[in-house]
2 protein chains.
Amino acid sequence: MNKRWSAAIGAIAIGLAASAQTWIWYPGDYEIWLGNKMNNNRTERGAFFPPFWKSDSHYVTVEFSKQLDLAEPEEIEIYAEGKYNVKFDGKLQFGMPRKFTLPAGKHNLNIKVWNQATPPAIYIKGKTVNTDPTWRVTYEDKEWIDESGKASDTSATIYADAGYWNFDDPATPPSQFSLSLEPMDYVSVEEKTADGGRLYDFGKETFGRVVLKNTMGNGVVNIYYGESPEEALDLDHCETLDKIGFSSDNVTDLATNSVSSRASEYTLDNTKAFRYVYVAPENGVNVGDVAMLYEYAPVEYRGSFKCSDPLLNDIWNVGAYTMHLTTREFFIDGIKRDRWVWSGDAVQSYLMNYYLFFDSPAVKRTTRLLRGKDPVTAHINTILDYTFYWFIGIYDYYLYTGDEAFLKEIYPGMKTLMDYVLSRTNKDGMVEGLTGDWVFVDWADFPMSKKGALSFEQILFCKSLETMKLCADVLGDGGDAEKYGKLEASLRAKLLPTFWDEKRQALVHNVENGKKSDQVNKFANMFAINLGFLDQATTDSVMKNVMLNPEVPAITTPYMRFYELESLCARGMQDKVLGEMKDYWGGMLKEGATSFWEKYNPGDKGTEHLAMYGRPYGKSLCHAWGASPIYLIGKYYLGVKPVKPGYKEFSITPDLGGLKWMEGTVPTPNGEISLYVDRDKMKIRATEGEGYLYIMSARTPKSSYGKFEKTGKNSYRLWIDTKDEINIKYKEI
Amino acid sequence: MNKRWSAAIGAIAIGLAASAQTWIWYPGDYEIWLGNKMNNNRTERGAFFPPFWKSDSHYVTVEFSKQLDLAEPEEIEIYAEGKYNVKFDGKLQFGMPRKFTLPAGKHNLNIKVWNQATPPAIYIKGKTVNTDPTWRVTYEDKEWIDESGKASDTSATIYADAGYWNFDDPATPPSQFSLSLEPMDYVSVEEKTADGGRLYDFGKETFGRVVLKNTMGNGVVNIYYGESPEEALDLDHCETLDKIGFSSDNVTDLATNSVSSRASEYTLDNTKAFRYVYVAPENGVNVGDVAMLYEYAPVEYRGSFKCSDPLLNDIWNVGAYTMHLTTREFFIDGIKRDRWVWSGDAVQSYLMNYYLFFDSPAVKRTTRLLRGKDPVTAHINTILDYTFYWFIGIYDYYLYTGDEAFLKEIYPGMKTLMDYVLSRTNKDGMVEGLTGDWVFVDWADFPMSKKGALSFEQILFCKSLETMKLCADVLGDGGDAEKYGKLEASLRAKLLPTFWDEKRQALVHNVENGKKSDQVNKFANMFAINLGFLDQATTDSVMKNVMLNPEVPAITTPYMRFYELESLCARGMQDKVLGEMKDYWGGMLKEGATSFWEKYNPGDKGTEHLAMYGRPYGKSLCHAWGASPIYLIGKYYLGVKPVKPGYKEFSITPDLGGLKWMEGTVPTPNGEISLYVDRDKMKIRATEGEGYLYIMSARTPKSSYGKFEKTGKNSYRLWIDTKDEINIKYKEI
């Protein structure tokens with residue numbers, strides 16, 4: 001894999017050096033623009049299909065500024081995306097200069113750029129003066145002058161630190177971004193003589209642009225895509241299709257009306273998700289051969305896992321591939337559908353990402369896009385729960401990366417989004433689904449009320465308030481920290497009195513019109529456990545009466561199985577969860593999955609597995625939330641997690657869960673933690689941070705470094721503060 | 001003049017017929033986009049010079065919808081600016097169809113368009129189905145489906161009526177807008193042998209693009225613009241300039257780096273304001289001849305004025321020309337500088353416009369652009385007073401046009417702007433200039449505090465609240481009407497107790513730190529009179545002690561002279577004002593003005609008239625606010641004004657003010673009121689509305705229609721409810 005993105009990650013974590021010039025823009029604006037471009041690539045049966053929530057846009061006029069203090073004069077080169085001016089010490093320079101010589105001494109350099117179509121961006125290259133995140137940006141400079149020519153006091157201007165990514169070359173400006181492309185061939189083809197079409201199988205779920213080779217004659221070539229062969233061959237119901245018209249001179253994409261000149265190869269403009277492609281030329285036209293350009297993000301697999309169980313290895317590998325396919329410009333839900341950025345899906349992608357790519361920029365990009373711009377007119381993706389997941393994603397991001405600069409950048413947007421939430425609470429300070437709010441929770445196979453105050457939503461809301469308090473504390477805003485802390489404490493204090501059912505020893509689903517409902521399901525209960533809302537005794541009771549109670553309705557989406565299995569792992573039930581993973585994800589593999597699905601009900605048969613949303617192939621067979629073993633294995637089997645932000649302190653609690661051995665790597669911001677574990681020895685190496693290794697052992701364990709401390713019966717811990725490999729002997733219980 | 005725009009005015013006033021298809025978009029979005037384009041045409045000495053306030057942008061994804069009920073099937077043609085889809089009865093259609101056949105019966109048609117660069121817009125042409133303002137638009141359709149494929153309740157979606165102007169042809173979409181162009185020649189040229197340059201005089205202030213003809217050789221041609229010959233010849237200080245580089249094949253605009261192929265004529269891309277152009281080719285290049293393309297809005301002069309005084313006729317004509325030059329895509333302040341839309345300037349342009357072009361779309365466009373999009377992060381143009389003028393402009397617009405549809409469209413933006421104002425009041429409910437607010441008032445030649453609560457700002461604020469109440473009443477929002485009515489009454493009740501100085505019989509300028517200031521100037525006092533905040537006795541006292549008191553500092557901008565002279569006219573001092581107009585505006589004409597200026601101090605000498613903002617040619621010599629006689633003459637000499645919204649009822653109170661005779665026309669939304677008045681007869685014809693004619697006559701006046709009613713000593717009124725000309729005999733007092 002290309003190392004370019006991981007290099008960028010390193011640069012971000014350690015701060016850019018003064019001479020590392022890069023394209024800069026108003027923070028968040030690039031993501032909003034790129035996100036629109038990406039979200040709008042979705043099609044449904046040849047129709048353009050944009051999201052149904054508000055699409056924001058970038059600030060069209062942005063001023064970039066920097067205070068200089070130069071030991072000697074230097075010449076800078078100036079590149080910009082947009083019409084721009086250069087103001088030096090308050091004086092506008094003629095035209096749009098490509099070069100400018102800065103004299104020595106203290107000076108102010110301001111560059112203002114206007115661009116309606118793509119985000120205003122600049123790139124400046126000098127000996128010491130270079131664009132980087134230390135530049136300030138504003139969309140409103142308020143720099144008026146009075147009649148005497150005196151400039152206004154501009155102290156009111158609100159500046160931000162410039163946004164950036166990894167566009168470090170003047171020749172590749174941000175608006176020219178594209179993912180990587182790689183030619184790929186099908187692995188088999190089947191002639192369907194009935195209508196002259198051919199079914200191409202690319203061997204596994206993939207994503208990219210179909211290439212038609214050596215097309216002869218004139219007419220329309222129909223292309224039907226399928227994640228399954230059934231879908232590709234069902235011309236009337238497959239979710240995506242293309243129609244390409246060939247005439248003697250031209251080729252026309254009939255979905256977009258775009259015309260190109262005819263050549264021996266025609267590569268489709270738009271990308272599609274598929275394993276199977278059914279190419280059906282109409283009379284008069286004939287396609288010689290078919291191939292594809294695979295489109296992907298050049299992320300690095302920094303995490304790894306291998307163990308004694310081949311099925312679990314397959315699950316991990318297919319999970320990693322599912323994550324790779326859905327990790328693109330942003331973390332998306334699924335590659336066939338919706339090809340959109342959804343907050344509830346993203347928050348899980350983030351967690352999986354920390355155990356696979358540790359691509360922090362991708363988390364930041366996705367978080368920025370989801371937030372969009374003020375004013376807030378609806379919940380994120382219009383979904384009440386998804387607003388809260390957005391806050392929780394920031395909580396997790398800070399814990400895993402320790403990136404305070406991003407908290408500073410995103411905090412104003414957190415506040416205005418929380419203002420929106422707080423403006424819509426009921427008299428008890430709780431959230432309910434109001435007009436226009438989608439209360440989602442999960443695609444459940446049992447009836448579930450979305451009315452009144454749902455316990456599930458209050459728990460997420462409470463965690464969101466905790467996130468606000470955390471960020472306010474980190475940023476040193478004592479007033480805000482107190483405000484959000486009080487709100488959180490007040491809501492937390494109401495949770496059990498409002499929702500606890502003493503008889504059933506569980507949180508009930510909701511309170512409607514002042515009446516506590518009878519329904520108990522796993523959603524609120526498992527979040528209450530996972531997020532630490534319950535004491536030990538209550539947790540034990542909920543585990544027994546809800547999570548392990550077969551009478552409570554089963555969860556049938558990998559989406560919520562993520563949290564369900566996490567709640568079991570966190571209680572030390574790795575053996576049980578290993579079985580569940582092998583049954584559930586192994587079940588998908590048995591059905592032929594080459595990537596994990598949006599939903600899987602083991603009871604379904606044959607093509608029932610493909611249907612959803614009332615459509616025979618509505619289900620996405622490559623859905624990020626399907627890949628949760630990546631997270632569960634990294635956090636609860638390899639057992640690695642941050643204890644202090646950014647892995648300054650980690651904890652390692654390996655658990656074989658019944659495996660004979662396992663080995664793997666968990667990435668940290670600028671390093672990694674590698675483990676080999678079997679039933680009587682371990683090898684551990686942590687190249688970043690320090691922390692405890694916790695193990696259970698039937699005899700006193702021995703370490704090549706440091707000394708184990710006994711913490712209970714068969715419980716030991718070892719403080720690790722070396723970057724060298726540690727060899728341990730112990731005896732599994 | 002081209003009748004196209006006036007035709008559009010008619011269509012707007014009477015409502016579009018069902019079959020009048022036109023391009024539609026999200027209301028306000030087109031103005032924001034076009035406004036950015038226009039505001040960003042300003043340059044300063046060859047540098048791009050955008051505004052220093054926030055530039056908003058259009059919604060990039062917009063859904064257009066219409067419920068149909070068709071007697072028979074019909075085919076529609078579909079045009080769109082952007083990538084689009086067509087959804088018919090909830091079902092997406094393949095591709096981006098150019099034609100679509102609608103079946104008979106009740107159906108839903110939805111078209112969604114995405115466009116980052118220019119506003120999403122559509123044009124649909126069918127037999128009965130055509131795009132017009134009855135279509136609904138939204139930027140957030142919230143149309144999700146659940147797992148069973150059931151669509152969400154979309155009642156939460158907020159729709160607006162589509163925006164439109166006069167783009168009635170599919171071949172001229174809104175993004176292709178341009179003003180009219182007309183070739184013009186200079187009237188004289190002067191050889192400046194010293195450096196080989198020539199000074200071209202176009203005879204009067206004008207605006208457009210310079211054309212270089214038959215340029216021979218290679219090198220740079222420098223072009224220096226001047227509103228005065230001094231400016232054009234002052235190479236180091238003229239406000240605008242261009243540098244055009246000629247090489248054997250190409251011509252390069254060195255300010256924009258744009259390259260075109262060389263031909264016998266080169267027309268500059270960017271427009272400039274000038275009367276004089278100094279063309280100075282560098283060595284090796286020679287310009288054969290120079291011309292220009294005059295750029296203008298094809299507005300119709302619907303108002304007219306002529307009288308016995310040639311100087312007043314000149315003033316009216318130069319005022320009308322000044323208005324024409326500054327009435328463009330929007331009403332701008334000045335054509336050389338700032339070429340921007342400023343609210344305080346615009347509110348005067350609106351009023352002049354009602355007596356000259358009666359171009360309602362121009363008022364609406366300007367109002368929309370100034371408002372921009374939420375969130376409100378600063379005052380309009382960053383100026384406290386300019387926020388209030390924006391509200392007052394809507395008050396006036398409704399009075400002159402009676403256009404309730406526009407009130408409905410703009411009301412949400414009025415509310416959020418007023419929320420911003422109300423969130424920044426002090427403990428007394430008054431506004432003060434806070435950090436980031438520019439408290440402008442006027443360019444005054446005397447020191448004026450901008451600190452604390454200014455009486456001037458409170459009066460504008462109070463009128464703004466009155467405007468909110470008016471609109472809430474018109475739109476039937478009783479709750480809002482009560483809320484704003486209370487706020488207005490409360491503020492109004494505090495004005496005199498806070499600012500009235502009993503001894504000086506005047507409103508003082510401000511209250512700072514609880515202390516009433518000593519300063520008295522005309523600003524607050526004349527607004528208090530004009531806006532009806534004072535009773536008759538107080539008004540009389542203020543007239544004497546402030547407005548007619550030579551010890552109170554004089555106003556030196558036509559901007560504030562507008563309100564000053566209005567306050568005198570409203571008190572019947574037309575004779576005095578006629579003298580002032582002839583002195584002040586006649587003074588500018590004597591100085592050689594061919595359009596009216598931003599500022600005129602009769603005491604200045606020679607090139608002192610050209611300087612402002614610390615720059616020798618900083619002053620704009622064509623400034624809309626310089627044209628106020630257009631308004632004063634129409635409203636207070638011809639004496640025509642609306643009494644009920646949209647001239648449903650008018651009043652006509654002719655006042656010769658010392659003239660022997662006058663004649664003229666005042667436009668109304670769909671008609672006009674024409675008068676001829678001399679000292680013993682009048683001819684009056686009103687083709688729209690009805691109302692009273694008020695006259696003073698030494699003997700009982702006689703009319704060819706109706707009957708005069710005596711209302712006091714020498715005072716008479718006549719009810720006019722005929723569209724025919726009325727002849728009146730009377731005797732001037």
# chains A, B, ... in the order shown; residues from 1 in each chain; ligands from 1

$ interface_residues --of "chain B" --to "chain A" --cutoff "6 Å" --atoms "only C-alpha atoms" --output "VMD selection string"
chain B and resid 46 to 48 52 to 54 85 94 to 95 116 to 117 139 to 143 147 to 149 156 255 to 256 375 435 to 436 613 to 614

$ residues_around --residues "B:Val431" --least-positions-apart "2" --cutoff "9 Å" --atoms "only C-alpha atoms" --output "count of residues only"
16

$ residues_around --residues "stretch 714-729 of chain B" --least-positions-apart "3" --cutoff "10 Å" --atoms "only C-alpha atoms" --output "count of residues only"
48

$ residues_around --residues "A:Glu466" --least-positions-apart "4" --cutoff "12 Å" --atoms "only C-alpha atoms" --output "CSV table (one decimal) with all heavy atoms, in the first residue's frame"
chain,number,residue,atom,x,y,z
A,388,PHE,N,-26.2,12.4,18.4
A,388,PHE,CA,-25.5,12.0,19.6
A,388,PHE,C,-24.2,11.2,19.2
A,388,PHE,O,-23.2,11.4,19.8
A,388,PHE,CB,-26.4,11.3,20.5
A,388,PHE,CG,-27.5,12.1,21.0
A,388,PHE,CD1,-28.8,11.6,20.9
A,388,PHE,CD2,-27.3,13.4,21.4
A,388,PHE,CE1,-29.9,12.4,21.4
A,388,PHE,CE2,-28.4,14.2,21.8
A,388,PHE,CZ,-29.7,13.7,21.8
A,391,PHE,N,-21.3,13.4,18.6
A,391,PHE,CA,-20.5,13.8,19.8
A,391,PHE,C,-19.6,12.7,20.3
A,391,PHE,O,-18.5,12.9,20.7
A,391,PHE,CB,-21.5,14.3,20.9
A,391,PHE,CG,-22.2,15.6,20.6
A,391,PHE,CD1,-23.5,15.6,20.2
A,391,PHE,CD2,-21.5,16.8,20.8
A,391,PHE,CE1,-24.1,16.9,19.9
A,391,PHE,CE2,-22.1,18.0,20.5
A,391,PHE,CZ,-23.4,18.0,20.1
A,392,ILE,N,-20.2,11.5,20.4
A,392,ILE,CA,-19.5,10.4,20.9
A,392,ILE,C,-18.3,10.0,20.1
A,392,ILE,O,-17.2,9.7,20.6
A,392,ILE,CB,-20.5,9.2,21.1
A,392,ILE,CG1,-21.5,9.5,22.1
A,392,ILE,CG2,-19.7,7.9,21.4
A,392,ILE,CD1,-22.7,8.5,22.2
A,394,ILE,N,-16.4,12.1,18.7
A,394,ILE,CA,-15.4,13.1,19.1
A,394,ILE,C,-14.7,12.7,20.4
A,394,ILE,O,-13.5,12.8,20.6
A,394,ILE,CB,-15.9,14.5,19.2
A,394,ILE,CG1,-16.3,15.0,17.8
A,394,ILE,CG2,-14.9,15.5,19.8
A,394,ILE,CD1,-17.1,16.2,17.7
A,395,TYR,N,-15.6,12.1,21.3
A,395,TYR,CA,-15.1,11.6,22.6
A,395,TYR,C,-14.0,10.5,22.3
A,395,TYR,O,-12.9,10.5,22.8
A,395,TYR,CB,-16.2,11.1,23.4
A,395,TYR,CG,-15.9,10.6,24.8
A,395,TYR,CD1,-16.2,11.4,25.9
A,395,TYR,CD2,-15.3,9.4,25.0
A,395,TYR,CE1,-15.9,11.0,27.2
A,395,TYR,CE2,-15.0,9.0,26.3
A,395,TYR,CZ,-15.3,9.8,27.4
A,395,TYR,OH,-15.0,9.4,28.7
A,396,ASP,N,-14.4,9.6,21.4
A,396,ASP,CA,-13.5,8.5,21.1
A,396,ASP,C,-12.3,9.0,20.4
A,396,ASP,O,-11.2,8.5,20.7
A,396,ASP,CB,-14.3,7.5,20.2
A,396,ASP,CG,-15.4,6.8,20.9
A,396,ASP,OD1,-15.4,6.7,22.1
A,396,ASP,OD2,-16.3,6.3,20.2
A,418,MET,N,-25.1,21.4,19.9
A,418,MET,CA,-25.7,21.1,21.2
A,418,MET,C,-26.8,22.2,21.6
A,418,MET,O,-27.8,21.8,22.2
A,418,MET,CB,-24.6,21.1,22.3
A,418,MET,CG,-25.2,20.6,23.7
A,418,MET,SD,-26.1,19.1,23.7
A,418,MET,CE,-24.8,17.8,23.7
A,459,ILE,N,-29.6,8.2,27.0
A,459,ILE,CA,-28.3,7.7,27.3
A,459,ILE,C,-27.2,8.3,26.4
A,459,ILE,O,-26.2,8.8,26.8
A,459,ILE,CB,-28.2,6.2,27.4
A,459,ILE,CG1,-29.0,5.7,28.6
A,459,ILE,CG2,-26.8,5.7,27.4
A,459,ILE,CD1,-29.3,4.2,28.6
A,460,LEU,N,-27.6,8.3,25.1
A,460,LEU,CA,-26.7,8.9,24.1
A,460,LEU,C,-26.6,10.4,24.3
A,460,LEU,O,-25.5,11.0,24.2
A,460,LEU,CB,-27.2,8.7,22.7
A,460,LEU,CG,-27.3,7.2,22.2
A,460,LEU,CD1,-27.6,7.2,20.7
A,460,LEU,CD2,-25.9,6.5,22.4
A,461,PHE,N,-27.7,11.0,24.7
A,461,PHE,CA,-27.7,12.5,25.0
A,461,PHE,C,-26.8,12.8,26.2
A,461,PHE,O,-26.0,13.7,26.1
A,461,PHE,CB,-29.2,12.9,25.3
A,461,PHE,CG,-29.4,14.3,25.6
A,461,PHE,CD1,-28.5,15.3,25.2
A,461,PHE,CD2,-30.6,14.7,26.2
A,461,PHE,CE1,-28.8,16.7,25.5
A,461,PHE,CE2,-30.8,16.0,26.5
A,461,PHE,CZ,-29.9,17.0,26.2
A,462,CYS,N,-26.9,12.0,27.2
A,462,CYS,CA,-26.1,12.2,28.4
A,462,CYS,C,-24.6,12.0,28.1
A,462,CYS,O,-23.8,12.8,28.5
A,462,CYS,CB,-26.5,11.1,29.4
A,462,CYS,SG,-26.2,11.6,31.1
A,470,LEU,N,-16.1,17.3,28.6
A,470,LEU,CA,-14.7,16.9,28.4
A,470,LEU,C,-14.0,17.9,27.6
A,470,LEU,O,-12.9,18.4,27.9
A,470,LEU,CB,-14.7,15.5,27.8
A,470,LEU,CG,-13.3,15.1,27.3
A,470,LEU,CD1,-12.4,14.6,28.4
A,470,LEU,CD2,-13.4,14.0,26.2
A,471,CYS,N,-14.6,18.3,26.4
A,471,CYS,CA,-13.9,19.2,25.5
A,471,CYS,C,-13.7,20.6,26.1
A,471,CYS,O,-12.7,21.2,26.0
A,471,CYS,CB,-14.7,19.3,24.2
A,471,CYS,SG,-14.7,17.7,23.3
A,472,ALA,N,-14.8,21.1,26.8
A,472,ALA,CA,-14.7,22.4,27.5
A,472,ALA,C,-13.5,22.3,28.5
A,472,ALA,O,-12.7,23.3,28.6
A,472,ALA,CB,-16.0,22.7,28.1
A,473,ASP,N,-13.4,21.3,29.2
A,473,ASP,CA,-12.3,21.1,30.1
A,473,ASP,C,-10.9,21.1,29.4
A,473,ASP,O,-10.0,21.9,29.8
A,473,ASP,CB,-12.4,19.8,30.9
A,473,ASP,CG,-13.3,20.0,32.1
A,473,ASP,OD1,-13.4,21.1,32.7
A,473,ASP,OD2,-14.0,18.9,32.5
A,480,ASP,N,-18.2,26.9,30.3
A,480,ASP,CA,-18.9,25.8,29.5
A,480,ASP,C,-18.8,24.5,30.2
A,480,ASP,O,-19.8,23.7,30.3
A,480,ASP,CB,-18.2,25.7,28.1
A,480,ASP,CG,-18.8,26.7,27.1
A,480,ASP,OD1,-19.6,27.6,27.6
A,480,ASP,OD2,-18.5,26.6,25.9
A,481,ALA,N,-17.6,24.2,30.8
A,481,ALA,CA,-17.5,22.9,31.5
A,481,ALA,C,-18.5,22.8,32.6
A,481,ALA,O,-19.2,21.7,32.8
A,481,ALA,CB,-16.1,22.7,32.0
A,482,GLU,N,-18.7,23.8,33.3
A,482,GLU,CA,-19.7,23.8,34.4
A,482,GLU,C,-21.1,23.6,33.9
A,482,GLU,O,-21.9,22.8,34.4
A,482,GLU,CB,-19.5,25.1,35.2
A,482,GLU,CG,-20.3,25.0,36.5
A,482,GLU,CD,-20.3,26.4,37.3
A,482,GLU,OE1,-19.5,27.2,37.0
A,482,GLU,OE2,-21.3,26.6,38.0
A,483,LYS,N,-21.4,24.4,32.8
A,483,LYS,CA,-22.7,24.4,32.3
A,483,LYS,C,-23.1,22.9,31.8
A,483,LYS,O,-24.1,22.4,32.1
A,483,LYS,CB,-22.8,25.3,31.1
A,483,LYS,CG,-24.1,25.3,30.3
A,483,LYS,CD,-24.0,26.2,29.1
A,483,LYS,CE,-24.9,25.8,28.0
A,483,LYS,NZ,-24.7,26.6,26.7
A,484,TYR,N,-22.2,22.4,31.0
A,484,TYR,CA,-22.5,21.1,30.4
A,484,TYR,C,-22.4,20.0,31.5
A,484,TYR,O,-23.2,19.0,31.5
A,484,TYR,CB,-21.6,20.7,29.2
A,484,TYR,CG,-21.8,21.7,28.1
A,484,TYR,CD1,-20.8,22.5,27.6
A,484,TYR,CD2,-23.0,21.7,27.4
A,484,TYR,CE1,-21.0,23.4,26.5
A,484,TYR,CE2,-23.3,22.6,26.4
A,484,TYR,CZ,-22.3,23.4,25.9
A,484,TYR,OH,-22.5,24.2,24.9
A,485,GLY,N,-21.5,20.2,32.4
A,485,GLY,CA,-21.4,19.2,33.5
A,485,GLY,C,-22.7,19.1,34.3
A,485,GLY,O,-23.2,18.1,34.7
A,486,LYS,N,-23.3,20.3,34.6
A,486,LYS,CA,-24.5,20.3,35.3
A,486,LYS,C,-25.7,19.7,34.6
A,486,LYS,O,-26.5,18.9,35.1
A,486,LYS,CB,-24.9,21.8,35.6
A,486,LYS,CG,-24.3,22.4,36.9
A,486,LYS,CD,-24.8,23.8,37.2
A,486,LYS,CE,-24.1,24.4,38.3
A,486,LYS,NZ,-24.3,25.8,38.4
A,487,LEU,N,-25.7,20.0,33.3
A,487,LEU,CA,-26.8,19.4,32.4
A,487,LEU,C,-26.6,17.9,32.4
A,487,LEU,O,-27.6,17.1,32.5
A,487,LEU,CB,-26.7,20.0,31.0
A,487,LEU,CG,-27.2,21.4,30.8
A,487,LEU,CD1,-26.7,22.0,29.5
A,487,LEU,CD2,-28.7,21.4,30.9
A,488,GLU,N,-25.4,17.4,32.3
A,488,GLU,CA,-25.2,16.0,32.2
A,488,GLU,C,-25.6,15.3,33.6
A,488,GLU,O,-26.3,14.3,33.6
A,488,GLU,CB,-23.7,15.7,32.0
A,488,GLU,CG,-23.4,14.2,31.7
A,488,GLU,CD,-22.3,13.7,32.5
A,488,GLU,OE1,-21.4,14.4,33.0
A,488,GLU,OE2,-22.4,12.4,32.8
A,489,ALA,N,-25.1,15.9,34.7
A,489,ALA,CA,-25.4,15.4,36.0
A,489,ALA,C,-26.9,15.3,36.2
A,489,ALA,O,-27.5,14.3,36.7
A,489,ALA,CB,-24.8,16.2,37.1
A,490,SER,N,-27.6,16.4,35.8
A,490,SER,CA,-29.1,16.4,36.0
A,490,SER,C,-29.8,15.3,35.2
A,490,SER,O,-30.7,14.6,35.7
A,490,SER,CB,-29.5,17.8,35.6
A,490,SER,OG,-30.9,17.8,35.3
A,491,LEU,N,-29.3,15.2,33.9
A,491,LEU,CA,-30.0,14.1,33.1
A,491,LEU,C,-29.7,12.7,33.6
A,491,LEU,O,-30.5,11.9,33.7
A,491,LEU,CB,-29.5,14.3,31.6
A,491,LEU,CG,-30.1,13.3,30.6
A,491,LEU,CD1,-31.6,13.4,30.6
A,491,LEU,CD2,-29.6,13.6,29.2
A,492,ARG,N,-28.4,12.5,34.0
A,492,ARG,CA,-28.0,11.2,34.5
A,492,ARG,C,-28.8,10.8,35.7
A,492,ARG,O,-29.2,9.6,35.8
A,492,ARG,CB,-26.5,11.3,34.8
A,492,ARG,CG,-25.8,9.9,35.1
A,492,ARG,CD,-24.4,10.1,35.4
A,492,ARG,NE,-23.5,10.2,34.2
A,492,ARG,CZ,-22.8,9.2,33.8
A,492,ARG,NH1,-22.8,8.1,34.4
A,492,ARG,NH2,-22.0,9.4,32.7
A,531,LEU,N,-21.4,2.4,28.4
A,531,LEU,CA,-21.0,3.7,28.6
A,531,LEU,C,-20.9,4.0,30.1
A,531,LEU,O,-20.7,5.1,30.5
A,531,LEU,CB,-22.0,4.7,28.0
A,531,LEU,CG,-22.1,4.6,26.4
A,531,LEU,CD1,-23.1,5.6,25.9
A,531,LEU,CD2,-20.7,4.9,25.8
A,532,GLY,N,-21.0,2.9,30.9
A,532,GLY,CA,-20.7,3.1,32.4
A,532,GLY,C,-21.8,3.8,33.1
A,532,GLY,O,-21.5,4.5,34.1
A,533,PHE,N,-23.1,3.7,32.7
A,533,PHE,CA,-24.1,4.3,33.5
A,533,PHE,C,-24.7,3.5,34.6
A,533,PHE,O,-25.5,4.0,35.4
A,533,PHE,CB,-25.3,4.7,32.5
A,533,PHE,CG,-25.0,5.8,31.6
A,533,PHE,CD1,-24.1,5.8,30.6
A,533,PHE,CD2,-25.7,7.0,31.8
A,533,PHE,CE1,-23.8,6.9,29.8
A,533,PHE,CE2,-25.5,8.1,31.0
A,533,PHE,CZ,-24.5,8.1,30.0

$ select_by_dssp --residues "stretch 181-327 of chain B" --states "strand (DSSP E or B)" --output "MDAnalysis selection string"
chainID B and resid 181:184 188:192 197:213 216:217 219:226 241:246 250:253 258:261 265:267 272:281 285:286 289:296 304:307 327

$ decode --residues "stretch 114-119 of chain A" --atoms "N, CA, C and O atoms" --output "short mmCIF file (atom, residue, chain, number, x, y, z; two decimals), in the first residue's frame"
data_model
loop_
_atom_site.label_atom_id
_atom_site.label_comp_id
_atom_site.auth_asym_id
_atom_site.auth_seq_id
_atom_site.Cartn_x
_atom_site.Cartn_y
_atom_site.Cartn_z
N TRP A 114 -11.47 34.27 -3.74
CA TRP A 114 -12.90 34.05 -4.01
C TRP A 114 -13.04 32.90 -4.98
O TRP A 114 -12.37 32.87 -6.02
N ASN A 115 -13.90 31.96 -4.64
CA ASN A 115 -14.13 30.82 -5.50
C ASN A 115 -15.52 30.24 -5.20
O ASN A 115 -15.76 29.76 -4.10
N GLN A 116 -16.42 30.35 -6.15
CA GLN A 116 -17.78 29.84 -5.93
C GLN A 116 -17.83 28.32 -6.05
O GLN A 116 -18.58 27.66 -5.34
N ALA A 117 -17.05 27.77 -6.99
CA ALA A 117 -17.23 26.38 -7.38
C ALA A 117 -16.50 25.40 -6.47
O ALA A 117 -17.01 24.33 -6.18
N THR A 118 -15.29 25.77 -6.04
CA THR A 118 -14.52 24.89 -5.17
C THR A 118 -13.93 25.74 -4.04
O THR A 118 -13.87 26.96 -4.15
N PRO A 119 -13.53 25.13 -2.94
CA PRO A 119 -13.10 25.93 -1.79
C PRO A 119 -11.89 26.81 -2.10
O PRO A 119 -10.90 26.33 -2.68
#
